[in-house]
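Data file: structure.json. Format and content: JSON, C-alpha atoms and all ligand atoms.
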```json
[["chain", "number", "residue", "atom", "x", "y", "z"],
["A", 1, "MET", "CA", 0.00, 0.00, 0.00],
["A", 2, "ALA", "CA", 1.32, 3.40, -0.87],
["A", 3, "GLU", "CA", 2.52, 5.49, 1.96],
["A", 4, "ALA", "CA", 2.55, 9.26, 1.80],
["A", 5, "HIS", "CA", 5.69, 10.87, 3.17],
["A", 6, "GLY", "CA", 4.75, 14.51, 3.28],
["A", 7, "SER", "CA", 5.71, 17.04, 0.69],
["A", 8, "THR", "CA", 8.82, 18.41, -0.93],
["A", 9, "ALA", "CA", 9.65, 21.96, -1.68],
["A", 10, "ALA", "CA", 10.70, 23.33, -4.97],
["A", 11, "GLY", "CA", 10.74, 25.92, -7.89],
["A", 12, "ALA", "CA", 12.23, 28.25, -11.88],
["A", 13, "ALA", "CA", 11.02, 29.55, -15.29],
["A", 14, "GLY", "CA", 11.69, 31.58, -18.45],
["A", 15, "VAL", "CA", 11.68, 33.19, -21.76],
["A", 16, "GLY", "CA", 9.76, 32.14, -24.86],
["A", 17, "LEU", "CA", 10.50, 29.63, -27.47],
["A", 18, "SER", "CA", 8.27, 28.00, -29.98],
["A", 19, "LYS", "CA", 8.15, 24.46, -31.19],
["A", 20, "GLY", "CA", 10.19, 25.19, -34.26],
["A", 21, "ASP", "CA", 13.11, 26.81, -32.53],
["A", 22, "THR", "CA", 13.36, 24.89, -29.32],
["A", 23, "GLY", "CA", 16.81, 23.73, -30.20],
["A", 24, "ARG", "CA", 15.79, 20.37, -28.84],
["A", 25, "GLY", "CA", 18.57, 17.92, -29.19],
["A", 26, "ALA", "CA", 18.09, 15.02, -31.51],
["A", 27, "ALA", "CA", 14.89, 13.48, -30.30],
["A", 28, "THR", "CA", 15.43, 10.01, -29.09],
["A", 29, "GLY", "CA", 13.23, 8.91, -31.91],
["A", 30, "SER", "CA", 12.72, 5.71, -30.05],
["A", 31, "SER", "CA", 9.09, 4.86, -30.09],
["A", 32, "VAL", "CA", 7.88, 2.21, -27.74],
["A", 33, "ILE", "CA", 4.26, 1.31, -27.51],
["A", 34, "ALA", "CA", 2.95, 0.23, -24.13],
["A", 35, "GLY", "CA", 5.89, -0.05, -21.86],
["A", 36, "GLY", "CA", 8.45, 2.75, -22.20],
["A", 37, "GLY", "CA", 12.08, 1.71, -21.93],
["A", 38, "THR", "CA", 14.39, 2.25, -24.87],
["A", 39, "ALA", "CA", 17.81, 1.04, -25.74],
["A", 40, "THR", "CA", 19.41, 4.47, -26.03],
["A", 41, "ALA", "CA", 21.94, 6.05, -23.67],
["A", 42, "GLN", "CA", 21.44, 5.58, -19.97],
["A", 43, "GLY", "CA", 18.78, 7.86, -18.62],
["A", 44, "VAL", "CA", 19.42, 10.28, -15.80],
["A", 45, "LEU", "CA", 16.24, 8.74, -14.46],
["A", 46, "GLU", "CA", 15.15, 5.19, -15.16],
["A", 47, "VAL", "CA", 11.87, 3.92, -13.82],
["A", 48, "GLU", "CA", 11.36, 0.19, -14.07],
["A", 49, "GLY", "CA", 8.05, -1.54, -13.46],
["A", 50, "LEU", "CA", 6.94, 0.94, -10.82],
["A", 51, "SER", "CA", 3.68, 0.19, -9.03],
["A", 52, "ALA", "CA", 1.96, 2.04, -6.21],
["A", 53, "SER", "CA", -1.42, 1.74, -4.54],
["A", 54, "TYR", "CA", -3.59, 3.70, -2.17],
["A", 55, "GLY", "CA", -5.29, 0.91, -0.28],
["A", 56, "PRO", "CA", -7.33, -0.93, -2.90],
["A", 57, "VAL", "CA", -6.69, 1.70, -5.59],
["A", 58, "LYS", "CA", -3.81, 0.73, -7.86],
["A", 59, "ALA", "CA", -2.56, 4.13, -9.01],
["A", 60, "LEU", "CA", 0.55, 2.89, -10.85],
["A", 61, "ASP", "CA", 0.78, -0.50, -12.49],
["A", 62, "GLY", "CA", 4.25, -1.41, -13.73],
["A", 63, "VAL", "CA", 5.32, 1.93, -15.16],
["A", 64, "THR", "CA", 8.58, 1.94, -17.11],
["A", 65, "LEU", "CA", 10.06, 5.13, -18.53],
["A", 66, "ARG", "CA", 13.24, 7.14, -18.65],
["A", 67, "ALA", "CA", 14.29, 10.77, -18.63],
["A", 68, "GLU", "CA", 17.50, 11.47, -20.49],
["A", 69, "GLN", "CA", 20.04, 14.19, -19.93],
["A", 70, "GLY", "CA", 19.27, 17.46, -21.69],
["A", 71, "ARG", "CA", 15.75, 16.33, -22.58],
["A", 72, "ILE", "CA", 12.24, 17.19, -21.52],
["A", 73, "THR", "CA", 10.10, 14.12, -21.04],
["A", 74, "ALA", "CA", 6.39, 14.90, -20.75],
["A", 75, "VAL", "CA", 4.08, 12.54, -18.91],
["A", 76, "LEU", "CA", 0.54, 13.03, -20.13],
["A", 77, "GLY", "CA", -2.83, 11.61, -19.34],
["A", 78, "ALA", "CA", -6.31, 12.37, -18.11],
["A", 79, "ASN", "CA", -7.41, 13.02, -14.54],
["A", 80, "GLY", "CA", -6.56, 10.07, -12.36],
["A", 81, "ALA", "CA", -4.14, 8.50, -14.86],
["A", 82, "GLY", "CA", -1.48, 8.36, -12.14],
["A", 83, "LYS", "CA", 0.76, 11.27, -13.15],
["A", 84, "THR", "CA", 1.05, 12.88, -9.72],
["A", 85, "THR", "CA", 1.49, 9.52, -8.04],
["A", 86, "LEU", "CA", 4.29, 8.75, -10.48],
["A", 87, "LEU", "CA", 6.23, 11.89, -9.51],
["A", 88, "ARG", "CA", 5.56, 11.36, -5.83],
["A", 89, "THR", "CA", 6.75, 7.77, -6.02],
["A", 90, "ILE", "CA", 9.89, 8.73, -7.94],
["A", 91, "SER", "CA", 10.81, 11.40, -5.42],
["A", 92, "GLY", "CA", 10.21, 9.20, -2.40],
["A", 93, "LEU", "CA", 6.96, 10.71, -1.14],
["A", 94, "VAL", "CA", 4.98, 7.57, -1.90],
["A", 95, "ARG", "CA", 6.39, 4.11, -1.29],
["A", 96, "PRO", "CA", 6.18, 1.81, -4.30],
["A", 97, "THR", "CA", 4.76, -1.68, -4.03],
["A", 98, "ALA", "CA", 6.99, -2.91, -6.86],
["A", 99, "GLY", "CA", 9.64, -1.70, -9.27],
["A", 100, "ARG", "CA", 12.79, 0.41, -9.17],
["A", 101, "VAL", "CA", 13.87, 4.00, -9.56],
["A", 102, "LEU", "CA", 17.43, 4.60, -10.78],
["A", 103, "LEU", "CA", 19.03, 8.03, -10.63],
["A", 104, "ASN", "CA", 22.20, 8.22, -12.68],
["A", 105, "GLY", "CA", 22.36, 4.46, -12.53],
["A", 106, "GLU", "CA", 22.04, 4.28, -8.75],
["A", 107, "ASP", "CA", 19.08, 2.46, -7.27],
["A", 108, "VAL", "CA", 17.31, 5.09, -5.15],
["A", 109, "THR", "CA", 14.03, 3.24, -4.69],
["A", 110, "ARG", "CA", 12.72, 3.96, -1.21],
["A", 111, "SER", "CA", 15.46, 6.50, -0.48],
["A", 112, "PRO", "CA", 14.21, 9.29, 1.76],
["A", 113, "VAL", "CA", 13.18, 12.54, 0.09],
["A", 114, "GLU", "CA", 16.15, 14.44, 1.54],
["A", 115, "ALA", "CA", 18.55, 11.93, 0.00],
["A", 116, "MET", "CA", 16.91, 12.42, -3.39],
["A", 117, "VAL", "CA", 17.53, 16.15, -3.15],
["A", 118, "THR", "CA", 21.21, 15.73, -2.35],
["A", 119, "LYS", "CA", 21.54, 13.24, -5.20],
["A", 120, "GLY", "CA", 20.32, 15.88, -7.63],
["A", 121, "MET", "CA", 16.55, 15.44, -7.89],
["A", 122, "SER", "CA", 14.23, 18.36, -7.30],
["A", 123, "HIS", "CA", 10.45, 17.96, -7.21],
["A", 124, "VAL", "CA", 8.08, 20.85, -7.79],
["A", 125, "PRO", "CA", 4.71, 19.57, -6.61],
["A", 126, "GLU", "CA", 1.41, 20.75, -7.96],
["A", 127, "GLY", "CA", 0.00, 23.72, -6.08],
["A", 128, "ARG", "CA", 2.83, 26.27, -5.97],
["A", 129, "GLY", "CA", 3.42, 25.98, -2.24],
["A", 130, "VAL", "CA", 4.99, 29.11, -0.84],
["A", 131, "ILE", "CA", 4.89, 30.67, 2.61],
["A", 132, "ALA", "CA", 2.41, 33.45, 1.99],
["A", 133, "GLU", "CA", 3.58, 35.73, 4.82],
["A", 134, "LEU", "CA", 7.25, 35.66, 3.81],
["A", 135, "THR", "CA", 8.83, 37.70, 1.06],
["A", 136, "VAL", "CA", 9.99, 36.19, -2.20],
["A", 137, "ASP", "CA", 13.59, 36.38, -0.99],
["A", 138, "GLU", "CA", 12.73, 34.75, 2.32],
["A", 139, "ASN", "CA", 10.87, 31.97, 0.53],
["A", 140, "LEU", "CA", 13.95, 31.26, -1.55],
["A", 141, "ARG", "CA", 16.19, 31.26, 1.49],
["A", 142, "VAL", "CA", 13.90, 28.98, 3.48],
["A", 143, "GLY", "CA", 13.76, 26.65, 0.47],
["A", 144, "SER", "CA", 17.55, 26.61, 0.30],
["A", 145, "LEU", "CA", 17.77, 25.17, 3.81],
["A", 146, "PHE", "CA", 16.75, 21.78, 2.41],
["A", 147, "ARG", "CA", 19.31, 21.89, -0.34],
["A", 148, "GLY", "CA", 22.66, 21.82, 1.42],
["A", 149, "LYS", "CA", 25.04, 24.74, 1.08],
["A", 150, "VAL", "CA", 23.67, 27.26, -1.37],
["A", 151, "GLY", "CA", 25.92, 30.24, -2.14],
["A", 152, "GLN", "CA", 24.78, 33.77, -2.94],
["A", 153, "ASP", "CA", 25.74, 33.18, -6.57],
["A", 154, "GLU", "CA", 22.97, 30.57, -6.77],
["A", 155, "PHE", "CA", 20.39, 33.07, -5.56],
["A", 156, "ASP", "CA", 21.72, 35.60, -8.07],
["A", 157, "ARG", "CA", 21.43, 33.00, -10.81],
["A", 158, "VAL", "CA", 17.80, 32.29, -9.96],
["A", 159, "TYR", "CA", 17.05, 36.02, -9.99],
["A", 160, "ASP", "CA", 18.77, 36.29, -13.37],
["A", 161, "LEU", "CA", 16.64, 33.45, -14.70],
["A", 162, "PHE", "CA", 13.48, 35.10, -13.38],
["A", 163, "PRO", "CA", 13.77, 38.86, -13.65],
["A", 164, "ARG", "CA", 10.13, 39.21, -12.60],
["A", 165, "ILE", "CA", 10.87, 37.42, -9.35],
["A", 166, "LYS", "CA", 13.89, 39.63, -8.80],
["A", 167, "GLU", "CA", 11.71, 42.72, -9.16],
["A", 168, "ARG", "CA", 9.38, 41.30, -6.53],
["A", 169, "ARG", "CA", 11.99, 39.97, -4.13],
["A", 170, "THR", "CA", 10.84, 42.15, -1.21],
["A", 171, "SER", "CA", 7.12, 41.56, -1.81],
["A", 172, "THR", "CA", 5.27, 39.10, 0.38],
["A", 173, "ALA", "CA", 4.41, 35.94, -1.46],
["A", 174, "HIS", "CA", 0.65, 36.34, -1.01],
["A", 175, "THR", "CA", 0.77, 39.32, -3.36],
["A", 176, "LEU", "CA", 2.25, 37.28, -6.21],
["A", 177, "SER", "CA", 0.25, 36.25, -9.27],
["A", 178, "GLY", "CA", -0.08, 32.55, -10.11],
["A", 179, "GLY", "CA", 2.66, 32.84, -12.72],
["A", 180, "GLU", "CA", 5.00, 34.59, -10.31],
["A", 181, "ARG", "CA", 4.38, 31.91, -7.71],
["A", 182, "GLN", "CA", 5.13, 29.23, -10.24],
["A", 183, "MET", "CA", 8.38, 30.97, -11.13],
["A", 184, "LEU", "CA", 9.25, 31.25, -7.46],
["A", 185, "VAL", "CA", 8.76, 27.56, -6.77],
["A", 186, "ILE", "CA", 10.68, 26.54, -9.86],
["A", 187, "GLY", "CA", 13.44, 28.98, -8.94],
["A", 188, "ARG", "CA", 13.55, 27.47, -5.47],
["A", 189, "ALA", "CA", 13.89, 24.00, -6.97],
["A", 190, "LEU", "CA", 16.77, 25.16, -9.15],
["A", 191, "LEU", "CA", 18.77, 26.61, -6.26],
["A", 192, "ALA", "CA", 20.88, 23.54, -5.70],
["A", 193, "ARG", "CA", 21.41, 23.00, -9.44],
["A", 194, "PRO", "CA", 19.50, 19.73, -9.68],
["A", 195, "LYS", "CA", 20.29, 17.33, -12.49],
["A", 196, "LEU", "CA", 16.69, 16.24, -12.70],
["A", 197, "LEU", "CA", 13.64, 18.43, -12.22],
["A", 198, "LEU", "CA", 10.25, 16.83, -11.62],
["A", 199, "LEU", "CA", 7.46, 19.28, -12.43],
["A", 200, "ASP", "CA", 3.82, 18.62, -11.64],
["A", 201, "GLU", "CA", 1.27, 20.57, -13.71],
["A", 202, "PRO", "CA", 3.13, 23.89, -13.84],
["A", 203, "SER", "CA", 0.62, 25.25, -16.37],
["A", 204, "LEU", "CA", -2.46, 24.73, -14.21],
["A", 205, "GLY", "CA", -4.59, 27.87, -14.16],
["A", 206, "LEU", "CA", -2.01, 30.07, -15.89],
["A", 207, "ALA", "CA", -2.53, 32.21, -18.98],
["A", 208, "PRO", "CA", -1.05, 30.67, -22.16],
["A", 209, "ARG", "CA", 1.46, 33.53, -22.42],
["A", 210, "ILE", "CA", 2.83, 32.79, -18.95],
["A", 211, "VAL", "CA", 2.92, 29.05, -19.65],
["A", 212, "ALA", "CA", 4.89, 29.76, -22.83],
["A", 213, "GLN", "CA", 7.39, 31.85, -20.86],
["A", 214, "ILE", "CA", 7.88, 29.19, -18.24],
["A", 215, "PHE", "CA", 8.25, 26.38, -20.76],
["A", 216, "ALA", "CA", 10.69, 28.44, -22.80],
["A", 217, "LEU", "CA", 12.88, 28.97, -19.79],
["A", 218, "LEU", "CA", 12.83, 25.27, -19.06],
["A", 219, "ARG", "CA", 13.83, 24.60, -22.64],
["A", 220, "ARG", "CA", 16.72, 26.99, -22.32],
["A", 221, "LEU", "CA", 17.96, 25.35, -19.14],
["A", 222, "VAL", "CA", 17.71, 21.94, -20.72],
["A", 223, "ASP", "CA", 19.52, 23.00, -23.87],
["A", 224, "THR", "CA", 22.24, 25.10, -22.28],
["A", 225, "GLU", "CA", 22.87, 23.35, -18.98],
["A", 226, "GLY", "CA", 21.90, 19.76, -19.70],
["A", 227, "LEU", "CA", 19.12, 19.77, -17.14],
["A", 228, "SER", "CA", 16.71, 16.84, -17.40],
["A", 229, "VAL", "CA", 13.03, 17.49, -16.88],
["A", 230, "LEU", "CA", 10.18, 15.11, -16.21],
["A", 231, "LEU", "CA", 7.12, 17.23, -16.84],
["A", 232, "VAL", "CA", 3.67, 16.05, -15.79],
["A", 233, "GLU", "CA", 0.88, 17.84, -17.62],
["A", 234, "GLN", "CA", -2.77, 17.53, -18.42],
["A", 235, "ASN", "CA", -2.21, 20.32, -20.92],
["A", 236, "ALA", "CA", -0.86, 17.89, -23.51],
["A", 237, "ARG", "CA", -0.72, 20.32, -26.39],
["A", 238, "SER", "CA", 1.54, 22.79, -24.55],
["A", 239, "ALA", "CA", 3.64, 20.06, -23.00],
["A", 240, "LEU", "CA", 4.28, 18.34, -26.32],
["A", 241, "SER", "CA", 5.24, 21.65, -27.90],
["A", 242, "VAL", "CA", 8.22, 21.92, -25.57],
["A", 243, "ALA", "CA", 9.03, 18.28, -24.83],
["A", 244, "ASP", "CA", 11.35, 15.90, -26.66],
["A", 245, "THR", "CA", 9.55, 12.75, -25.64],
["A", 246, "GLY", "CA", 6.02, 12.07, -24.48],
["A", 247, "VAL", "CA", 4.78, 9.26, -22.30],
["A", 248, "VAL", "CA", 1.04, 8.69, -22.14],
["A", 249, "LEU", "CA", -0.38, 7.17, -18.98],
["A", 250, "ASN", "CA", -3.83, 5.67, -18.66],
["A", 251, "LEU", "CA", -5.15, 4.06, -15.49],
["A", 252, "GLY", "CA", -1.66, 3.77, -14.08],
["A", 253, "ARG", "CA", -0.10, 2.18, -17.14],
["A", 254, "VAL", "CA", 2.08, 3.49, -19.93],
["A", 255, "VAL", "CA", 0.10, 3.36, -23.14],
["A", 256, "VAL", "CA", 2.62, 4.93, -25.50],
["A", 257, "THR", "CA", 6.11, 6.39, -25.38],
["A", 258, "ASP", "CA", 7.16, 8.33, -28.44],
["A", 259, "ASP", "CA", 8.84, 11.38, -29.87],
["A", 260, "ALA", "CA", 6.82, 14.44, -28.81],
["A", 261, "HIS", "CA", 6.28, 15.68, -32.38],
["A", 262, "ARG", "CA", 4.93, 12.33, -33.45],
["A", 263, "LEU", "CA", 2.61, 12.10, -30.47],
["A", 264, "ALA", "CA", 1.25, 15.57, -31.15],
["A", 265, "GLY", "CA", 0.50, 14.53, -34.71],
["A", 266, "ASP", "CA", -1.21, 11.25, -33.83],
["A", 267, "GLU", "CA", -4.85, 12.12, -34.12],
["A", 268, "ASP", "CA", -6.27, 8.86, -32.78],
["A", 269, "LEU", "CA", -4.07, 8.99, -29.73],
["A", 270, "ARG", "CA", -4.86, 12.63, -29.15],
["A", 271, "HIS", "CA", -8.55, 11.92, -29.20],
["A", 272, "ALA", "CA", -8.30, 8.78, -27.10],
["A", 273, "TYR", "CA", -6.02, 10.01, -24.35],
["A", 274, "LEU", "CA", -4.90, 13.59, -24.69],
["A", 275, "GLY", "CA", -8.10, 15.54, -25.13],
["A", 276, "PHE", "CA", -7.13, 17.75, -28.06],
["B", 301, "LIG", "N1", -4.24, 10.16, -1.50],
["B", 301, "LIG", "C1", -4.96, 9.33, -2.23],
["B", 301, "LIG", "N2", -5.77, 8.42, -1.66],
["B", 301, "LIG", "C2", -6.48, 7.54, -2.40],
["B", 301, "LIG", "N3", -6.49, 7.51, -3.74],
["B", 301, "LIG", "C3", -5.72, 8.41, -4.36],
["B", 301, "LIG", "C4", -4.92, 9.36, -3.67],
["B", 301, "LIG", "N4", -4.24, 10.12, -4.56],
["B", 301, "LIG", "C5", -4.62, 9.66, -5.78],
["B", 301, "LIG", "N5", -5.48, 8.65, -5.66],
["B", 301, "LIG", "C6", -6.07, 7.87, -6.76],
["B", 301, "LIG", "O1", -4.98, 7.33, -7.51],
["B", 301, "LIG", "C7", -5.26, 7.41, -8.89],
["B", 301, "LIG", "C8", -4.17, 8.24, -9.58],
["B", 301, "LIG", "O2", -4.26, 9.57, -9.10],
["B", 301, "LIG", "P1", -3.20, 10.70, -9.50],
["B", 301, "LIG", "O3", -3.53, 11.92, -8.70],
["B", 301, "LIG", "O4", -1.84, 10.17, -9.41],
["B", 301, "LIG", "O5", -3.56, 10.95, -11.03],
["B", 301, "LIG", "P2", -3.25, 12.18, -11.94],
["B", 301, "LIG", "O6", -3.02, 11.65, -13.29],
["B", 301, "LIG", "O7", -2.18, 13.00, -11.33],
["B", 301, "LIG", "O8", -4.61, 12.97, -11.92],
["B", 301, "LIG", "P3", -4.87, 14.51, -11.58],
["B", 301, "LIG", "O9", -4.39, 15.25, -12.77],
["B", 301, "LIG", "O10", -6.34, 14.57, -11.38],
["B", 301, "LIG", "O11", -4.09, 14.82, -10.32],
["B", 301, "LIG", "C9", -6.65, 8.00, -9.03],
["B", 301, "LIG", "O12", -7.56, 6.93, -9.11],
["B", 301, "LIG", "C10", -6.84, 8.75, -7.73],
["B", 301, "LIG", "O13", -8.21, 8.84, -7.38]]
```
Once more with this new file: its structure as structure tokens, please.
Amino acid sequence: MAEAHGSTAAGAAGVGLSKGDTGRGAATGSSVIAGGGTATAQGVLEVEGLSASYGPVKALDGVTLRAEQGRITAVLGANGAGKTTLLRTISGLVRPTAGRVLLNGEDVTRSPVEAMVTKGMSHVPEGRGVIAELTVDENLRVGSLFRGKVGQDEFDRVYDLFPRIKERRTSTAHTLSGGERQMLVIGRALLARPKLLLLDEPSLGLAPRIVAQIFALLRRLVDTEGLSVLLVEQNARSALSVADTGVVLNLGRVVVTDDAHRLAGDEDLRHAYLGF
């Protein structure tokens, strides 16, 4: 039975980029129907046969996928498909009933959340959790406490990545817009320079223009710094426009893994699982 372990912190975002000029590296091109797993280079993250349940509810049923370095892997699916549970199980918040999670080749299944952070994984949960009474700067500094030693240069870097957040650094978080909050939590997650960023529904409730900005920044980080991103989204169209690879989940199982362009162009699949 899945066990909840609380909640991680997190947070960063960007500048625009459209599908045509994402500079995405060579897409893996490896299409695997129902099952994930490809025979390309070792993934930063490899998930093998992961299962998790909430009592009688089997939320994940043998999920296999990988996230490669310098790539955005989008996990898509309808409400209840298991996307959030997948991220929570990968980051150690939910205990799997079966399967393995490898981070840079190391088996980290059932490692505590704090260990995941020090090993280079940062999870930005759905909901943009910030401390409303604290300023933007204080929120970043509190977030940094969970990330080992974070130098001033790392704060400066986050402010450079998010000029809007820099402008608002002395404002209390409750005055931020949804987009600013999302930038703050992503910025917080980037403080310790993670190798792998897990992002849960960053687009939820945001205007398309803000979503485009955030996704473009992610793309830039992936392309210039080799960051790996596992992006969970119900907004399949936007996610596929920025991702390299898409993984479609349905009822806790991987239905398709494919190049993001190809998935976006697959009309039957779009209608069956992606809602556009
Ligand atoms: N805390 C929980 N207790 C019991 N069942 C849960 C819990 N969290 C999720 N579930 C169930 O597990 C399944 C997968 O849910 P999950 O939230 O992972 O899906 P999702 O794809 O992220 O959907 P959504 O986009 O609605 O969050 C669903 O059937 C859901 O009802």
Which neighbours of range 100-115 of chain A fall inside 7 Å, counting all atoms listed in the file, when residues of the same chain fewer than 3 positions from it are skipped, and could you give them as a ChimeraX atom specification? /A:43-50,90-93,95,118-119
Taking 2 positions as the minimum chain separation for residues in the same chain, which residues sit within 12 Å of Val255 in chain A when counting all atoms listed in the file? Answer as a VMD selection string. chain A and resid 31 to 36 61 to 65 75 to 77 81 246 to 253 257 to 258 263 269 272 to 274
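Each of A:Met121, A:Ala189, A:Leu199, A:Val211 was compared to ligand LIG 301 (chain B) using all atoms listed in the file, and A:Leu199 turns out to be the nearest.
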Can you work out which residues are within 6 Å of ligand LIG 301 (chain B), considering only C-alpha atoms and all ligand atoms, and then hand them over as a list in words? Tyr54, Ala59, Ala78, Asn79, Gly80, Ala81, Gly82, Lys83, Thr84 and Thr85 of chain A
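The neighbours of Thr135 in chain A here are the residues that come within 7 Å of it, using only C-alpha atoms and leaving out any residue fewer than 2 positions away in the same chain; they are A:Glu133, A:Asp137, A:Glu138, A:Asn139, A:Arg169, A:Thr170, A:Ser171, A:Thr172, A:Ala173.
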So that I can check the surroundings of range 149-152 of chain A, please list as a VMD selection string every protein, DNA and RNA residue that reaches within 12 Å of it, counting all atoms listed in the file and ignoring chain neighbours fewer than 6 positions away. chain A and resid 118 137 140 to 143 158 to 159 188 to 194
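The space between CA of Val254 in chain A and CA of Leu86 in chain A spans 11.0 Å.
The coordinates place CA of Pro96 in chain A at 12.2 Å from CA of Gly55 in chain A.
Residue neighbourhood of Gly179 in chain A, excluding near-sequence residues (fewer than 6 positions): A:Ser203, A:Gly205, A:Leu206, A:Ala207, A:Ile210, A:Val211, A:Ile214, at 9 Å, using only C-alpha atoms.
You will find CA of Thr245 in chain A at 20.8 Å from CA of Pro125 in chain A.
Distances to Thr97 in chain A were evaluated for A:Gly148, A:Asp266, A:Leu60, A:Asn235 using only C-alpha atoms, and the minimum falls at A:Leu60.
You can rank A:Leu161, A:Ala239, A:Val232, A:Leu196 by their closest distance to Leu217 in chain A using all atoms listed in the file, and at the top of that list sits A:Leu161.
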Test item: axis-aligned box, all listed atoms of range 108-115 of chain A, 8 Å on each side, centre and edges in Å rounded to one decimal, as lines of an AutoDock Vina configuration file:
```
center_x = 15.6
center_y = 8.8
center_z = -1.7
size_x = 21.8
size_y = 27.2
size_z = 22.9
```
